[in-house]
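Student: Quick one: the structure is below, and I'll ask about it shortly.
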Amino acid sequence: MVKIYPFRQKLFGTFNYKDLENSYNHSQFAPNPSDAVSVIDDDQLYQYAGYIYVTQGVIDSVNVEHPPLVKYLYGLGLILFGNAVLIQLIFAIGFLIVSYLLADKILKNTYLALLIPFFLINESLFINQATTTLLDLFQTMCVLLFMFVYLISPDNNPRLYVLLGIILSLIAASKFPALAVIVLLSLFIFELAWKKFNLKNFAILAVVALLLYLTTYSPLLITQGFSGFIRVQLQAAHIHASHVPNYPFLAPIRVFFLNQWPVWFDSQNPIHQTAFWSFLWPILGLTIFASPMLFLTKKIEQSFIIIFTWLYFIFINSRLFFPHYLLPLLPITYILFILEIRSLIKKISPNRLLSKL
């Protein structure tokens, strides 16, 4: 709470719909280009979209490039509490709890697992996410929850894959559905390489996830049918495709190691620095590149998160990049860092106490 206290005005401020509507109508999204006199930030845009979704049931007019689930929750927060950031604070607590649970499952050491939320609380990126209505925090929490539920559950239980399908739908409906595809592909590779792959269970997972993903578009499906849903998905794909010429390849690597963020929106200063960077980030970057060595330990559980880390890292290095896209990597790379340090200690130290870490 000490870290959050400086942002108390955000947490307890009062929502003013008229001000937000005015900001939107005179922003880069203004229907009339001549009215675009300012820029509305993403966190305000998502609040405005959520309020429109919940109060008017219209989800194809504002921010169609992202699925609506988290914005529904922001809209509900505005109606119930007059403030959407309080919803984000709940997500932040859930994120820390699930990060600890996943770490405890993989590290099998409660004290080491407690280091993960400690590291995260001291990350400026996490504090920013906890106090800003962006979409990454909830989606990342669901990714970690997917991994934790899978790793603690019995093998080849169809009910497990129903639950995983539910969580996967939350991932897909939160922000980029591409992250849900990466999670699913990670699971596919993991089961194919380390466990007995069951096509039926995978089909259950995929069908449940797809059906629940569709339900998040219920207002659109009810009013416009499936064709309306397809139209919005094509609109979203078109918006994302329009960014392709601006893709600064390998931007996350440059941010991790050098705090150099190549941007496309500032021709005078094409390299920005991010306020989220810390001296630990180059270490985390090296941790990613060193993580394949952990396969040699033949510990099955950590293989799943290594596969996900590499698939997601490759993905964000090949697309339009913002520094907050690194959030899904932070808890996992901290876990991998502890695994790598522990593995190194066991190799070089005969000390029995250290070998029990």
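Naming scheme: A, B, ... for chains in displayed order of the structure tokens; residues 1 onward per chain; ligands 1 onward as shown.
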Could you pull the residues within 10 Å of Asn259 in chain A, counting only C-alpha atoms, minus those fewer than 4 positions along the same chain, as a compact mmCIF listing (two decimals) with C-alpha atoms, in the first residue's frame?
Tutor:
# COMPACT_ATOMS: atom_id res chain seq x y z
CA ALA A 251 12.49 -3.26 -29.59
CA PRO A 252 11.98 -5.33 -26.38
CA ILE A 253 15.60 -6.48 -26.48
CA ARG A 254 16.78 -2.88 -26.73
CA VAL A 255 14.50 -1.85 -23.87
CA ILE A 271 14.66 6.77 -29.32
CA HIS A 272 12.81 7.15 -26.02
CA GLN A 273 13.60 5.88 -22.55
CA THR A 274 10.95 4.23 -20.43
CA ALA A 275 10.34 5.31 -16.84
CA PHE A 276 9.67 1.66 -15.93
CA TRP A 277 13.22 0.45 -16.57
CA SER A 278 15.32 -0.84 -13.67
CA PHE A 279 18.88 -2.18 -13.32
CA TRP A 281 15.96 -5.69 -16.50
CA PRO A 282 19.25 -6.56 -18.25
CA PRO A 323 7.03 -1.17 -22.76
Student: Run DSSP on the backbone and tell me which residues of range 163-323 of chain A come out as alpha helix (DSSP H); list them as a VMD selection string.
Tutor: chain A and resid 163 to 172 177 to 194 199 to 215 218 to 241 251 to 258 281 to 290 300 to 316
Student: Of the candidates A:Gly77, A:Gly165, A:Pro31, A:Gly82, which one gets nearest to Val181 in chain A if we count only C-alpha atoms?
Tutor: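 Smallest separation from Val181 in chain A among the options: A:Gly165.
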Student: Write out as JSON lines the residues of range 98-204 of chain A that have any atom within 10 Å of an atom of range 213-224 of chain A, one row each with the nearest atom pair and its distance in Å to one decimal, counting only C-alpha atoms, sorted by chain and then rising number.
Tutor:
{"residue": "A:Gly165", "atom": "CA", "partner": "A:Tyr213", "partner_atom": "CA", "distance": 9.8}
{"residue": "A:Ile166", "atom": "CA", "partner": "A:Tyr213", "partner_atom": "CA", "distance": 8.8}
{"residue": "A:Leu168", "atom": "CA", "partner": "A:Tyr213", "partner_atom": "CA", "distance": 8.8}
{"residue": "A:Ser169", "atom": "CA", "partner": "A:Tyr213", "partner_atom": "CA", "distance": 5.1}
{"residue": "A:Leu170", "atom": "CA", "partner": "A:Tyr213", "partner_atom": "CA", "distance": 7.4}
{"residue": "A:Ile171", "atom": "CA", "partner": "A:Tyr213", "partner_atom": "CA", "distance": 9.2}
{"residue": "A:Ala172", "atom": "CA", "partner": "A:Tyr213", "partner_atom": "CA", "distance": 6.9}
{"residue": "A:Ala173", "atom": "CA", "partner": "A:Tyr213", "partner_atom": "CA", "distance": 5.9}
{"residue": "A:Ser174", "atom": "CA", "partner": "A:Tyr213", "partner_atom": "CA", "distance": 9.6}
{"residue": "A:Pro177", "atom": "CA", "partner": "A:Tyr213", "partner_atom": "CA", "distance": 9.6}
Student: Extract, using only C-alpha atoms, all DNA, RNA and protein residues at most 9 Å from range 103-108 of chain A, discarding same-chain residues fewer than 3 positions from it, and format them as a list in words.
Tutor: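 In the requested form, the answer reads Val98, Ser99, Tyr100, Tyr111, Leu112, Ala113, Leu114, Leu115, Ile116, Phe148, Leu151, Ile152, Glu301, Gln302, Pro331, Ile332, Ile335, Ile338, Leu339 and Leu357 of chain A.
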Student: Limited to C-alpha atoms, could you put the picked residues into a file as a PDB file, in the first residue's frame?
Tutor:
ATOM      1  CA  VAL A  98      -1.268 -15.859  -8.512  1.00  0.00           C
ATOM      2  CA  SER A  99       2.392 -14.928  -9.136  1.00  0.00           C
ATOM      3  CA  TYR A 100       3.240 -16.290  -5.696  1.00  0.00           C
ATOM      4  CA  TYR A 111      10.436 -18.485   1.001  1.00  0.00           C
ATOM      5  CA  LEU A 112      11.835 -18.259  -2.513  1.00  0.00           C
ATOM      6  CA  ALA A 113       8.306 -17.971  -3.923  1.00  0.00           C
ATOM      7  CA  LEU A 114       7.643 -14.957  -1.681  1.00  0.00           C
ATOM      8  CA  LEU A 115      10.487 -13.166  -3.449  1.00  0.00           C
ATOM      9  CA  ILE A 116       8.407 -12.995  -6.641  1.00  0.00           C
ATOM     10  CA  PHE A 148      -0.930 -22.571 -12.168  1.00  0.00           C
ATOM     11  CA  LEU A 151       0.402 -27.506 -13.221  1.00  0.00           C
ATOM     12  CA  ILE A 152      -1.506 -28.415 -10.044  1.00  0.00           C
ATOM     13  CA  GLU A 301       6.923 -28.016 -14.703  1.00  0.00           C
ATOM     14  CA  GLN A 302       9.435 -25.304 -15.524  1.00  0.00           C
ATOM     15  CA  PRO A 331       6.834 -12.681 -12.934  1.00  0.00           C
ATOM     16  CA  ILE A 332       7.980 -15.568 -15.123  1.00  0.00           C
ATOM     17  CA  ILE A 335      10.936 -17.307 -11.386  1.00  0.00           C
ATOM     18  CA  ILE A 338      15.738 -17.970  -9.196  1.00  0.00           C
ATOM     19  CA  LEU A 339      15.709 -21.367 -10.919  1.00  0.00           C
ATOM     20  CA  LEU A 357      17.113 -24.109  -1.834  1.00  0.00           C
TER      21      LEU A 357
END
Student: Within 10 Å of Phe321 in chain A, counting only C-alpha atoms, which residues show up once you throw out same-chain ones fewer than 5 positions away? Write them as a list in words, please.
Tutor: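 My list of contacting residues is Asn246, Tyr247, Pro248, Phe249, Leu250, Ala251, Pro252, Trp261, Pro262, Val263, Phe315, Ile316 and Leu326 of chain A.
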Student: Can you pull out the residues contacting Asp43 in chain A? Cut-off 7 Å, using only C-alpha atoms, and skip same-chain residues under 4 positions away; I want them as a ChimeraX atom specification.
Tutor: /A:47,132-134
Student: Leaving out range 122-130 of chain A and any residue of its chain fewer than 3 positions from it, which residues lie within 7 Å of it when counting only C-alpha atoms, given as a VMD selection string?
Tutor: chain A and resid 4 88 to 89 92 118 to 119 134 137 276 324
Student: Just write the chosen residues, N, CA and C atoms, as a compact mmCIF listing (two decimals), in the first residue's frame.
Tutor:
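Written out: selection21.txt:
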# COMPACT_ATOMS: atom_id res chain seq x y z
N ILE A 4 1.38 2.33 -3.44
CA ILE A 4 0.16 2.82 -4.09
C ILE A 4 -0.26 4.18 -3.57
N GLN A 88 -8.90 -1.99 -10.95
CA GLN A 88 -7.53 -2.34 -11.30
C GLN A 88 -6.73 -2.75 -10.06
N LEU A 89 -7.03 -2.12 -8.94
CA LEU A 89 -6.33 -2.48 -7.70
C LEU A 89 -6.66 -3.91 -7.28
N ALA A 92 -4.59 -6.10 -9.36
CA ALA A 92 -3.19 -6.06 -8.91
C ALA A 92 -2.96 -7.04 -7.76
N PHE A 118 7.51 -9.79 -4.01
CA PHE A 118 8.37 -8.71 -3.50
C PHE A 118 9.05 -7.99 -4.65
N PHE A 119 9.62 -8.74 -5.58
CA PHE A 119 10.26 -8.12 -6.75
C PHE A 119 9.23 -7.32 -7.55
N LEU A 134 -5.32 0.11 -17.77
CA LEU A 134 -4.90 -0.56 -18.99
C LEU A 134 -5.35 -2.02 -18.94
N LEU A 137 -2.83 -5.97 -17.11
CA LEU A 137 -2.74 -6.57 -15.77
C LEU A 137 -3.70 -7.74 -15.62
N PHE A 276 9.85 2.92 -16.66
CA PHE A 276 9.67 1.66 -15.93
C PHE A 276 10.97 0.87 -15.76
N HIS A 324 4.85 -1.61 -21.74
CA HIS A 324 4.00 -2.38 -20.83
C HIS A 324 3.67 -3.78 -21.36
Student: Could you tell me how far CA of Glu21 in chain A lies from CA of Gly225 in chain A, in Å and to one decimal?
Tutor: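 Interatomic distance here is 28.1 Å.
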Student: Suppose you want the space between CA of Phe190 in chain A and CA of Thr297 in chain A; what is it in Å?
Tutor: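 Calculated distance between CA of Phe190 in chain A and CA of Thr297 in chain A is 15.5 Å.
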